[in-house]
file coords.pdb (PDB, C-alpha atoms and all ligand atoms)
ATOM      1  CA  MET A 939     149.343 166.647  94.564
ATOM      2  CA  TYR A 940     147.794 165.872  97.940
ATOM      3  CA  LYS A 941     147.944 162.059  97.780
ATOM      4  CA  LYS A 942     150.099 161.799 100.921
ATOM      5  CA  ILE A 943     147.757 164.076 102.817
ATOM      6  CA  TYR A 944     144.719 162.056 101.763
ATOM      7  CA  ASP A 945     146.366 158.888 103.122
ATOM      8  CA  LYS A 946     147.177 160.599 106.426
ATOM      9  CA  LEU A 947     143.716 162.100 106.596
ATOM     10  CA  SER A 948     142.134 158.732 106.044
ATOM     11  CA  THR A 949     144.255 157.075 108.743
ATOM     12  CA  TRP A 950     143.515 159.939 111.144
ATOM     13  CA  TYR A 951     139.802 159.714 110.482
ATOM     14  CA  VAL A 952     139.629 155.941 110.989
ATOM     15  CA  LYS A 953     141.348 156.350 114.349
ATOM     16  CA  ASN A 954     139.950 159.661 115.628
ATOM     17  CA  GLY A 955     136.766 160.479 113.707
ATOM     18  CA  ARG A 956     133.471 160.928 115.540
ATOM     19  CA  HIS A 957     131.989 157.850 113.884
ATOM     20  CA  SER A 958     129.256 157.298 116.426
ATOM     21  CA  LEU A 959     127.396 160.569 115.812
ATOM     22  CA  PRO A 960     123.819 159.447 115.108
ATOM     23  CA  TRP A 961     123.559 161.315 111.797
ATOM     24  CA  ARG A 962     126.709 159.525 110.611
ATOM     25  CA  ILE A 963     125.269 156.119 111.396
ATOM     26  CA  SER A 964     121.936 156.976 109.761
ATOM     27  CA  ASN A 965     121.082 156.375 106.097
ATOM     28  CA  SER A 966     118.031 158.610 106.324
ATOM     29  CA  ALA A 967     118.381 161.739 104.189
ATOM     30  CA  TYR A 968     115.871 163.486 106.467
ATOM     31  CA  GLU A 969     117.894 162.740 109.623
ATOM     32  CA  ILE A 970     121.098 163.899 107.926
ATOM     33  CA  TYR A 971     119.393 167.039 106.650
ATOM     34  CA  LEU A 972     117.943 167.780 110.108
ATOM     35  CA  SER A 973     121.389 167.457 111.701
ATOM     36  CA  GLU A 974     122.914 169.804 109.118
ATOM     37  CA  ILE A 975     120.278 172.458 109.808
ATOM     38  CA  MET A 976     120.589 172.134 113.593
ATOM     39  CA  LEU A 977     124.388 172.291 113.377
ATOM     40  CA  GLN A 978     124.405 175.469 111.275
ATOM     41  CA  GLN A 979     124.590 177.722 114.324
ATOM     42  CA  THR A 980     124.719 175.284 117.212
ATOM     43  CA  GLN A 981     127.458 173.076 118.613
ATOM     44  CA  VAL A 982     127.361 169.294 118.220
ATOM     45  CA  LYS A 983     127.177 168.738 122.001
ATOM     46  CA  THR A 984     124.080 170.943 122.418
ATOM     47  CA  VAL A 985     122.314 169.436 119.400
ATOM     48  CA  LEU A 986     123.092 165.924 120.575
ATOM     49  CA  GLU A 987     122.218 166.341 124.225
ATOM     50  CA  ARG A 988     119.075 168.437 123.981
ATOM     51  CA  PHE A 989     117.497 168.790 120.584
ATOM     52  CA  TYR A 990     118.156 166.148 117.912
ATOM     53  CA  PHE A 991     116.424 163.117 119.457
ATOM     54  CA  PRO A 992     113.351 164.938 120.893
ATOM     55  CA  PHE A 993     112.799 166.566 117.481
ATOM     56  CA  LEU A 994     112.965 163.180 115.744
ATOM     57  CA  GLU A 995     110.630 161.690 118.294
ATOM     58  CA  LYS A 996     108.046 164.363 117.551
ATOM     59  CA  PHE A 997     108.678 164.425 113.773
ATOM     60  CA  PRO A 998     110.213 161.052 112.822
ATOM     61  CA  THR A 999     109.942 161.593 109.060
ATOM     62  CA  LEU A1000     109.901 164.428 106.550
ATOM     63  CA  GLU A1001     106.247 163.633 105.936
ATOM     64  CA  ALA A1002     105.423 163.876 109.651
ATOM     65  CA  LEU A1003     107.195 167.233 109.716
ATOM     66  CA  SER A1004     105.245 168.451 106.682
ATOM     67  CA  MET A1005     101.984 167.601 108.461
ATOM     68  CA  GLY A1006     102.863 169.400 111.710
ATOM     69  CA  SER A1007     101.809 173.009 112.215
ATOM     70  CA  GLU A1008     104.395 175.812 112.290
ATOM     71  CA  ASP A1009     103.503 176.329 115.965
ATOM     72  CA  GLU A1010     104.350 172.701 116.748
ATOM     73  CA  VAL A1011     107.643 172.901 114.854
ATOM     74  CA  LEU A1012     108.614 176.121 116.648
ATOM     75  CA  LYS A1013     107.677 174.583 119.995
ATOM     76  CA  GLN A1014     109.979 171.643 119.281
ATOM     77  CA  TRP A1015     112.744 174.063 118.255
ATOM     78  CA  GLU A1016     112.290 176.142 121.411
ATOM     79  CA  GLY A1017     115.631 177.093 122.995
ATOM     80  CA  LEU A1018     117.723 176.267 119.923
ATOM     81  CA  GLY A1019     117.494 179.828 118.596
ATOM     82  CA  TYR A1020     117.785 181.163 115.018
ATOM     83  CA  TYR A1021     114.138 180.229 114.486
ATOM     84  CA  ALA A1022     114.230 180.933 110.755
ATOM     85  CA  ARG A1023     115.929 177.537 110.561
ATOM     86  CA  ALA A1024     112.828 175.847 111.999
ATOM     87  CA  ARG A1025     110.427 177.750 109.755
ATOM     88  CA  ASN A1026     112.506 176.897 106.667
ATOM     89  CA  LEU A1027     112.777 173.264 107.737
ATOM     90  CA  HIS A1028     108.997 173.153 107.912
ATOM     91  CA  LYS A1029     108.571 174.876 104.529
ATOM     92  CA  THR A1030     111.083 172.503 102.937
ATOM     93  CA  ALA A1031     109.214 169.497 104.346
ATOM     94  CA  GLN A1032     105.954 170.838 102.920
ATOM     95  CA  LEU A1033     107.531 171.437  99.514
ATOM     96  CA  SER A1034     109.228 168.037  99.401
ATOM     97  CA  ILE A1035     106.419 166.063 101.141
ATOM     98  CA  SER A1036     107.946 162.591 101.346
ATOM     99  CA  ALA A1037     111.453 162.816  99.905
ATOM    100  CA  LEU A1038     114.204 165.377  99.551
ATOM    101  CA  PRO A1039     115.717 165.875  96.112
ATOM    102  CA  THR A1040     118.930 163.905  95.690
ATOM    103  CA  SER A1041     121.237 166.442  94.012
ATOM    104  CA  ALA A1042     122.908 169.499  95.528
ATOM    105  CA  LEU A1043     121.589 171.666  92.697
ATOM    106  CA  GLU A1044     117.978 170.774  93.521
ATOM    107  CA  LEU A1045     118.516 170.881  97.297
ATOM    108  CA  GLU A1046     119.851 174.415  97.039
ATOM    109  CA  LYS A1047     116.527 175.612  95.635
ATOM    110  CA  LEU A1048     114.748 174.749  98.912
ATOM    111  CA  PRO A1049     114.210 177.273 101.749
ATOM    112  CA  GLY A1050     117.069 177.542 104.223
ATOM    113  CA  ILE A1051     119.458 175.313 102.247
ATOM    114  CA  GLY A1052     122.582 177.171 101.187
ATOM    115  CA  LYS A1053     125.420 175.830  99.076
ATOM    116  CA  SER A1054     127.348 174.169 101.923
ATOM    117  CA  THR A1055     124.255 172.499 103.429
ATOM    118  CA  ALA A1056     123.181 171.319  99.965
ATOM    119  CA  HIS A1057     126.649 169.850  99.395
ATOM    120  CA  ALA A1058     126.676 168.215 102.836
ATOM    121  CA  VAL A1059     123.250 166.574 102.408
ATOM    122  CA  ALA A1060     124.027 165.539  98.813
ATOM    123  CA  CYS A1061     127.355 164.050  99.897
ATOM    124  CA  PHE A1062     126.341 162.384 103.161
ATOM    125  CA  ALA A1063     122.904 161.143 102.089
ATOM    126  CA  PHE A1064     123.255 160.650  98.330
ATOM    127  CA  ASN A1065     127.012 160.113  97.774
ATOM    128  CA  GLU A1066     127.501 163.131  95.541
ATOM    129  CA  ALA A1067     131.219 164.005  95.551
ATOM    130  CA  LEU A1068     131.212 167.674  96.596
ATOM    131  CA  PRO A1069     133.190 169.626  99.212
ATOM    132  CA  ILE A1070     131.514 171.373 102.135
ATOM    133  CA  MET A1071     132.245 174.700 103.781
ATOM    134  CA  ASP A1072     131.226 175.120 107.409
ATOM    135  CA  ALA A1073     133.065 177.457 109.795
ATOM    136  CA  ASN A1074     135.560 174.727 110.785
ATOM    137  CA  VAL A1075     136.371 173.847 107.185
ATOM    138  CA  LYS A1076     136.827 177.522 106.351
ATOM    139  CA  ARG A1077     139.386 177.893 109.136
ATOM    140  CA  ILE A1078     141.401 174.893 107.851
ATOM    141  CA  LEU A1079     141.371 176.261 104.289
ATOM    142  CA  TYR A1080     142.492 179.727 105.361
ATOM    143  CA  ARG A1081     145.371 178.229 107.317
ATOM    144  CA  PHE A1082     146.340 175.452 104.916
ATOM    145  CA  PHE A1083     146.662 177.894 102.018
ATOM    146  CA  ALA A1084     147.877 180.768 104.270
ATOM    147  CA  ILE A1085     145.102 183.101 103.120
ATOM    148  CA  GLN A1086     144.394 186.187 105.174
ATOM    149  CA  LYS A1087     141.355 187.360 103.308
ATOM    150  CA  CYS A1088     139.395 186.214 100.280
ATOM    151  CA  SER A1089     135.905 186.162  98.815
ATOM    152  CA  ASP A1090     133.513 183.228  99.280
ATOM    153  CA  LYS A1091     133.978 182.345  95.625
ATOM    154  CA  GLU A1092     137.761 182.166  96.003
ATOM    155  CA  LEU A1093     137.429 180.091  99.167
ATOM    156  CA  TRP A1094     135.193 177.621  97.317
ATOM    157  CA  ASN A1095     137.926 177.334  94.680
ATOM    158  CA  TYR A1096     140.394 176.446  97.444
ATOM    159  CA  ALA A1097     137.899 173.944  98.846
ATOM    160  CA  TYR A1098     137.730 172.184  95.466
ATOM    161  CA  LYS A1099     141.535 172.310  95.157
ATOM    162  CA  LEU A1100     142.097 170.433  98.433
ATOM    163  CA  PHE A1101     139.055 168.153  98.078
ATOM    164  CA  ASP A1102     139.557 164.378  97.827
ATOM    165  CA  GLU A1103     136.912 163.561  95.246
ATOM    166  CA  GLN A1104     137.586 159.821  95.366
ATOM    167  CA  ASN A1105     136.808 159.659  99.053
ATOM    168  CA  ALA A1106     134.314 162.497  99.450
ATOM    169  CA  TYR A1107     132.270 161.213 102.406
ATOM    170  CA  ASP A1108     135.210 160.490 104.724
ATOM    171  CA  TYR A1109     137.111 163.566 103.549
ATOM    172  CA  ASN A1110     134.228 165.915 104.443
ATOM    173  CA  GLN A1111     133.552 164.238 107.778
ATOM    174  CA  ALA A1112     137.280 164.315 108.591
ATOM    175  CA  MET A1113     137.481 168.027 107.707
ATOM    176  CA  MET A1114     134.694 168.792 110.183
ATOM    177  CA  ASP A1115     136.353 166.696 112.886
ATOM    178  CA  ILE A1116     139.791 168.202 112.362
ATOM    179  CA  GLY A1117     138.252 171.657 112.457
ATOM    180  CA  SER A1118     136.615 170.989 115.802
ATOM    181  CA  LEU A1119     139.285 168.766 117.408
ATOM    182  CA  ILE A1120     142.669 169.788 115.915
ATOM    183  CA  CYS A1121     142.715 173.046 113.948
ATOM    184  CA  LEU A1122     141.297 174.862 116.936
ATOM    185  CA  HIS A1123     140.374 178.507 116.852
ATOM    186  CA  LYS A1124     142.879 179.727 119.460
ATOM    187  CA  LYS A1125     145.325 176.820 119.944
ATOM    188  CA  PRO A1126     145.650 174.634 116.842
ATOM    189  CA  LEU A1127     147.327 171.281 117.536
ATOM    190  CA  CYS A1128     149.483 171.266 114.395
ATOM    191  CA  GLU A1129     151.760 168.427 115.490
ATOM    192  CA  ALA A1130     148.739 166.080 115.564
ATOM    193  CA  CYS A1131     147.259 167.325 112.286
ATOM    194  CA  PRO A1132     147.277 165.188 109.131
ATOM    195  CA  PHE A1133     147.698 168.372 107.044
ATOM    196  CA  GLU A1134     150.865 169.402 108.873
ATOM    197  CA  SER A1135     153.413 168.389 106.203
ATOM    198  CA  GLN A1136     151.907 170.677 103.533
ATOM    199  CA  CYS A1137     150.115 173.302 105.591
ATOM    200  CA  GLN A1138     151.388 176.721 104.535
ATOM    201  CA  GLY A1139     150.062 178.478 107.615
ATOM    202  CA  LYS A1140     151.311 176.119 110.323
ATOM    203  CA  ASP A1141     154.149 178.406 111.506
ATOM    204  CA  GLU A1142     151.750 181.161 112.479
ATOM    205  CA  PRO A1143     148.256 179.727 112.132
ATOM    206  CA  LEU A1144     146.613 182.504 114.123
ATOM    207  CA  LEU A1145     147.434 184.956 111.324
ATOM    208  CA  TYR A1146     144.884 183.211 109.108
ATOM    209  CA  PRO A1147     142.315 184.496 108.413
ATOM    210  CA  THR A1148     142.679 188.152 109.396
ATOM    211  CA  LYS A1149     140.558 188.764 112.484
ATOM    212  CA  LYS A1150     137.436 190.820 112.001
ATOM    213  CA  ILE A1151     137.122 193.713 114.409
ATOM    214  CA  LYS A1152     134.184 192.852 116.610
ATOM    215  CA  LYS A1153     131.583 195.566 116.829
ATOM    216  CA  THR A1154     130.173 196.206 120.265
ATOM    217  CA  LYS A1155     126.562 195.135 120.314
ATOM    218  CA  PRO A1156     124.030 197.837 121.127
ATOM    219  CA  VAL A1157     121.933 197.462 124.276
ATOM    220  CA  ARG A1158     118.160 197.666 123.859
ATOM    221  CA  GLU A1159     116.370 198.582 127.064
ATOM    222  CA  LYS A1160     112.726 197.549 127.325
ATOM    223  CA  ASN A1161     109.895 197.251 129.797
ATOM    224  CA  ILE A1162     108.035 193.950 129.637
ATOM    225  CA  LEU A1163     104.527 193.662 131.006
ATOM    226  CA  ILE A1164     102.874 190.450 132.150
ATOM    227  CA  GLN A1165      99.125 191.010 132.185
ATOM    228  CA  ARG A1166      97.226 188.494 134.273
ATOM    229  CA  THR A1167      93.750 187.710 135.382
ATOM    230  CA  GLY A1168      93.824 185.352 138.358
ATOM    231  CA  LYS A1169      96.012 182.417 137.366
ATOM    232  CA  LYS A1170      95.910 183.171 133.643
ATOM    233  CA  LEU A1171      98.397 185.229 131.619
ATOM    234  CA  ALA A1172      98.103 187.218 128.395
ATOM    235  CA  ILE A1173     100.609 186.154 125.730
ATOM    236  CA  PHE A1174     100.852 187.247 122.112
ATOM    237  CA  GLN A1175     102.139 185.652 118.940
ATOM    238  CA  ASN A1176     104.884 187.644 117.259
ATOM    239  CA  ARG A1177     104.010 188.751 113.720
ATOM    240  CA  ASP A1178     107.251 190.677 113.168
ATOM    241  CA  LYS A1179     108.737 189.078 110.059
ATOM    242  CA  LYS A1180     112.295 189.908 111.041
ATOM    243  CA  LEU A1181     112.792 188.589 114.550
ATOM    244  CA  LEU A1182     111.174 185.674 116.397
ATOM    245  CA  HIS A1183     108.320 185.447 113.908
ATOM    246  CA  GLY A1184     105.674 182.966 115.060
ATOM    247  CA  LEU A1185     106.967 182.720 118.636
ATOM    248  CA  TRP A1186     104.859 183.701 121.643
ATOM    249  CA  GLY A1187     105.744 186.179 124.340
ATOM    250  CA  PHE A1188     104.765 189.050 126.604
ATOM    251  CA  GLU A1189     104.133 192.627 125.613
ATOM    252  CA  GLN A1190     107.217 194.834 125.294
ATOM    253  CA  PHE A1191     107.403 198.631 125.615
ATOM    254  CA  ASP A1192     110.184 201.142 125.245
ATOM    255  CA  SER A1193     111.991 201.673 128.536
ATOM    256  CA  ASP A1194     110.575 205.172 129.014
ATOM    257  CA  PHE A1195     106.991 203.907 128.984
ATOM    258  CA  LYS A1196     105.438 202.600 132.213
ATOM    259  CA  GLU A1197     102.080 203.029 133.961
ATOM    260  CA  ASP A1198     101.768 203.698 137.718
ATOM    261  CA  ASP A1199      99.739 200.563 138.408
ATOM    262  CA  TRP A1200     102.385 198.151 137.053
ATOM    263  CA  ASP A1201     104.133 196.118 139.795
ATOM    264  CA  TYR A1202     107.876 195.759 139.365
ATOM    265  CA  MET A1203     109.068 192.109 139.452
ATOM    266  CA  GLY A1204     112.745 192.259 138.493
ATOM    267  CA  GLU A1205     115.047 192.332 135.455
ATOM    268  CA  ILE A1206     116.184 189.932 132.767
ATOM    269  CA  SER A1207     118.862 190.207 130.120
ATOM    270  CA  HIS A1208     119.374 188.223 126.952
ATOM    271  CA  HIS A1209     121.991 188.222 124.179
ATOM    272  CA  TYR A1210     120.766 188.217 120.606
ATOM    273  CA  THR A1211     123.075 188.096 117.589
ATOM    274  CA  HIS A1212     122.893 191.817 116.937
ATOM    275  CA  PHE A1213     122.005 193.338 120.316
ATOM    276  CA  HIS A1214     121.728 192.764 124.055
ATOM    277  CA  LEU A1215     118.287 192.997 125.596
ATOM    278  CA  LYS A1216     117.954 194.442 129.098
ATOM    279  CA  ALA A1217     114.418 194.467 130.362
ATOM    280  CA  LYS A1218     112.523 195.427 133.508
ATOM    281  CA  VAL A1219     109.600 193.084 134.113
ATOM    282  CA  TYR A1220     106.260 194.243 135.532
ATOM    283  CA  GLN A1221     102.922 192.587 136.231
ATOM    284  CA  LEU A1222      99.428 193.977 136.060
ATOM    285  CA  ASP A1223      96.149 192.459 137.240
ATOM    286  CA  THR A1224      93.582 193.275 134.604
ATOM    287  CA  GLN A1225      90.125 192.297 133.384
ATOM    288  CA  ASN A1226      90.779 193.627 129.880
ATOM    289  CA  ALA A1227      88.217 191.799 127.709
ATOM    290  CA  ASP A1228      90.252 192.427 124.541
ATOM    291  CA  LEU A1229      93.060 190.159 125.696
ATOM    292  CA  GLU A1230      93.276 186.386 125.499
ATOM    293  CA  PHE A1231      94.477 184.758 128.699
ATOM    294  CA  TYR A1232      96.092 181.349 129.028
ATOM    295  CA  THR A1233      96.754 179.001 131.943
ATOM    296  CA  LEU A1234     100.392 178.137 132.683
ATOM    297  CA  CYS A1235      99.848 174.759 130.992
ATOM    298  CA  GLU A1236      98.534 176.476 127.878
ATOM    299  CA  VAL A1237     101.467 178.899 127.904
ATOM    300  CA  ASP A1238     103.811 175.925 128.188
ATOM    301  CA  GLU A1239     102.282 174.313 125.080
ATOM    302  CA  ARG A1240     103.352 177.297 122.990
ATOM    303  CA  ALA A1241     106.839 178.168 121.706
ATOM    304  CA  LEU A1242     108.258 181.038 123.752
ATOM    305  CA  SER A1243     111.457 182.867 122.867
ATOM    306  CA  THR A1244     114.311 182.308 125.330
ATOM    307  CA  ALA A1245     113.986 185.886 126.608
ATOM    308  CA  ASP A1246     110.274 185.360 127.269
ATOM    309  CA  LYS A1247     111.065 182.083 129.038
ATOM    310  CA  LYS A1248     113.364 184.055 131.332
ATOM    311  CA  VAL A1249     110.548 186.536 131.930
ATOM    312  CA  LEU A1250     108.155 183.702 132.740
ATOM    313  CA  GLU A1251     110.635 182.049 135.129
ATOM    314  CA  LEU A1252     111.165 185.336 136.939
ATOM    315  CA  PHE A1253     107.421 185.854 137.178
ATOM    316  CA  ILE A1254     106.799 182.327 138.522
ATOM    317  CA  SER A1255     109.503 182.723 141.144
ATOM    318  CA  LYS A1256     108.238 186.120 142.343
ATOM    319  CA  SER A1257     104.452 185.779 142.101
ATOM    320  CA  ASP A1258     101.672 183.682 143.630
ATOM    321  CA  ILE A1259     100.777 182.066 140.282
ATOM    322  CA  LEU A1260     101.520 178.485 141.387
TER     323      LEU A1260
HETATM  324  S1  LIG A1301     148.727 172.116 110.432
HETATM  325 FE1  LIG A1301     147.935 173.429 112.037
HETATM  326  S2  LIG A1301     147.201 175.254 111.022
HETATM  327 FE2  LIG A1301     147.538 173.722 109.446
HETATM  328  S3  LIG A1301     145.511 172.801 109.208
HETATM  329 FE3  LIG A1301     146.616 171.562 110.676
HETATM  330  S4  LIG A1301     146.098 172.388 112.711
HETATM  331 FE4  LIG A1301     145.476 173.889 111.164
END
call {"tool": "encode", "arguments": {"input": "coords.pdb", "output": "structure tokens", "more": "lines below"}}
Ligand code: SF4
result
Amino acid sequence: MYKKIYDKLSTWYVKNGRHSLPWRISNSAYEIYLSEIMLQQTQVKTVLERFYFPFLEKFPTLEALSMGSEDEVLKQWEGLGYYARARNLHKTAQLSISALPTSALELEKLPGIGKSTAHAVACFAFNEALPIMDANVKRILYRFFAIQKCSDKELWNYAYKLFDEQNAYDYNQAMMDIGSLICLHKKPLCEACPFESQCQGKDEPLLYPTKKIKKTKPVREKNILIQRTGKKLAIFQNRDKKLLHGLWGFEQFDSDFKEDDWDYMGEISHHYTHFHLKAKVYQLDTQNADLEFYTLCEVDERALSTADKKVLELFISKSDIL
């Protein structure tokens, strides 16, 4: 039914595909798996320019990753966000030790590996013929079949319907490339698209899928206190299971709590997935024996959340710590 499309897709991919991406050149299941996890919520450019190679340098194999501490893994993940990905990566390495399972069914049982990631790793590393379903692929499917709304299960059925089983690797890679280069979110380039001849949504692609109404994110106002003794700072490891678990940072208080002896340093803001943080930053010289203080070098060895990094940068620029 889609033979002509498969031929066009194949020609398009040979000519335009992003063949030089390091995880496409690699035969290592670990490197492919790492790229899939990093790319779950982060763009290719960011992963490529800042995170993929340094992570592999620190943890070149699954075994090396399994032997690292969670602190070290989080430190290496610092700035990439969605830290549950790093913790699950670490857990998966510890469960698998030296080799990942080779089938999607087994991969899906590991922490942090959903159906699409399992299919991607199984296809790209172990040649299992299965379709994938990242955000780009979803957009193509919605438009190709002119679907405004459907359940995940129905969308998977569409994914299997369009899937070129005989040429699974190139088909999946091409789908990702078309999603990010051609079937663009706001301005799809239909005339250059290999799906154009049979795409049911090409006349009005922006109708598919129906746009979700974006909720306005709540603003959380906080006071953040940097406690110092001389050139050393008090930092704490976050034990909150929900957000930023395992990362280090400064103490936070509700915005209506502040002591008179705190010195105001300035403000930071940071966008999280579900809220915006607006925080006033204060410092306090203290000899509190209950706190553990760290030099700037020691602070730098630990994984700080991006918001806490902003706090630290503000503090460094406004204080005499250096
Ligand atoms: S023809 Fe247009 S809408 Fe259809 S898949 Fe291609 S770019 Fe997207």
call {"tool": "atom_distance", "arguments": {"input": "coords.pdb", "atom1": "atom CA of A:Phe1231", "atom2": "atom CA of A:Ala1172"}}
result
4.4 Å
call {"tool": "residues_near_ligand", "arguments": {"input": "coords.pdb", "ligand": "ligand LIG 1301 (chain A)", "cutoff": "12 Å", "atoms": "only C-alpha atoms and all ligand atoms", "output": "PyMOL selection string"}}
result
chain A and resi 943+946-947+1074-1085+1100+1112-1147
call {"tool": "closest_residue", "arguments": {"input": "coords.pdb", "among": "A:Lys1047, A:Lys1256, A:Arg956, A:Lys1180", "to": "A:Lys1029", "atoms": "all atoms listed in the file"}}
result
A:Lys1047
call {"tool": "atom_distance", "arguments": {"input": "coords.pdb", "atom1": "atom CA of A:Glu1251", "atom2": "atom CA of A:Tyr1220"}}
result
13.0 Å
call {"tool": "residues_around", "arguments": {"input": "coords.pdb", "residues": "A:Leu994", "least_positions_apart": "4", "cutoff": "12 Å", "atoms": "all atoms listed in the file", "output": "PyMOL selection string"}}
result
chain A and resi 960-961+966+968-973+976+985-986+988-990+998-1003+1011+1014-1015
call {"tool": "closest_residue", "arguments": {"input": "coords.pdb", "among": "A:Lys1218, A:Arg1025, A:Lys1248, A:Lys1091", "to": "A:Glu1159", "atoms": "all atoms listed in the file"}}
result
A:Lys1218
call {"tool": "closest_residue", "arguments": {"input": "coords.pdb", "among": "A:Thr1233, A:Asn954, A:Gln1190, A:Asn1110", "to": "A:Phe1062", "atoms": "only C-alpha atoms"}}
result
A:Asn1110
call {"tool": "atom_distance", "arguments": {"input": "coords.pdb", "atom1": "atom CA of A:Phe1213", "atom2": "atom CA of A:Lys1160"}}
result
12.4 Å
call {"tool": "closest_residue", "arguments": {"input": "coords.pdb", "among": "A:His1214, A:Lys1150, A:Lys1247, A:Arg1166", "to": "A:Ala1227", "atoms": "all atoms listed in the file"}}
result
A:Arg1166
call {"tool": "closest_residue", "arguments": {"input": "coords.pdb", "among": "A:Gln1111, A:Ser1004, A:Gln1225, A:Ser1089", "to": "A:Leu1038", "atoms": "all atoms listed in the file"}}
result
A:Ser1004
call {"tool": "closest_residue", "arguments": {"input": "coords.pdb", "among": "A:His1208, A:Lys941, A:Arg962, A:Lys1153", "to": "A:Ala1063", "atoms": "all atoms listed in the file"}}
result
A:Arg962
call {"tool": "residues_around", "arguments": {"input": "coords.pdb", "residues": "A:Val1237", "least_positions_apart": "5", "cutoff": "12 Å", "atoms": "only C-alpha atoms", "output": "list in words"}}
result
Lys1013, Lys1169, Lys1170, Leu1171, Ala1172, Ile1173, Phe1174, Gln1175, Leu1185, Trp1186, Gly1187, Phe1188, Glu1230, Phe1231, Tyr1232, Leu1242, Ser1243, Asp1246, Lys1247 and Leu1250 of chain A
call {"tool": "resolve_selection", "arguments": {"input": "coords.pdb", "expression": "the PyMOL selection byres (((chain A and resi 1019-1021) around 9) and not hetatm)", "output": "PDB file with C-alpha atoms, keeping the file's coordinate frame"}}
result
ATOM      1  CA  GLN A 979     124.590 177.722 114.324  1.00  0.00           C
ATOM      2  CA  THR A 980     124.719 175.284 117.212  1.00  0.00           C
ATOM      3  CA  LEU A1012     108.614 176.121 116.648  1.00  0.00           C
ATOM      4  CA  TRP A1015     112.744 174.063 118.255  1.00  0.00           C
ATOM      5  CA  GLU A1016     112.290 176.142 121.411  1.00  0.00           C
ATOM      6  CA  GLY A1017     115.631 177.093 122.995  1.00  0.00           C
ATOM      7  CA  LEU A1018     117.723 176.267 119.923  1.00  0.00           C
ATOM      8  CA  ALA A1022     114.230 180.933 110.755  1.00  0.00           C
ATOM      9  CA  ARG A1023     115.929 177.537 110.561  1.00  0.00           C
ATOM     10  CA  ALA A1024     112.828 175.847 111.999  1.00  0.00           C
ATOM     11  CA  ARG A1025     110.427 177.750 109.755  1.00  0.00           C
ATOM     12  CA  ASN A1026     112.506 176.897 106.667  1.00  0.00           C
ATOM     13  CA  LEU A1181     112.792 188.589 114.550  1.00  0.00           C
ATOM     14  CA  LEU A1182     111.174 185.674 116.397  1.00  0.00           C
ATOM     15  CA  HIS A1183     108.320 185.447 113.908  1.00  0.00           C
ATOM     16  CA  GLY A1184     105.674 182.966 115.060  1.00  0.00           C
ATOM     17  CA  LEU A1185     106.967 182.720 118.636  1.00  0.00           C
ATOM     18  CA  SER A1243     111.457 182.867 122.867  1.00  0.00           C
ATOM     19  CA  THR A1244     114.311 182.308 125.330  1.00  0.00           C
TER      20      THR A1244
END
call {"tool": "residues_around", "arguments": {"input": "coords.pdb", "residues": "A:Ser1257", "least_positions_apart": "5", "cutoff": "10 Å", "atoms": "only C-alpha atoms", "output": "list in words"}}
result
Met1203, Gln1221 and Leu1252 of chain A
call {"tool": "resolve_selection", "arguments": {"input": "coords.pdb", "expression": "the PyMOL selection byres (((chain A and resi 1154) around 12) and not hetatm)", "output": "PyMOL selection string"}}
result
chain A and resi 1151-1153+1155-1157+1211-1214
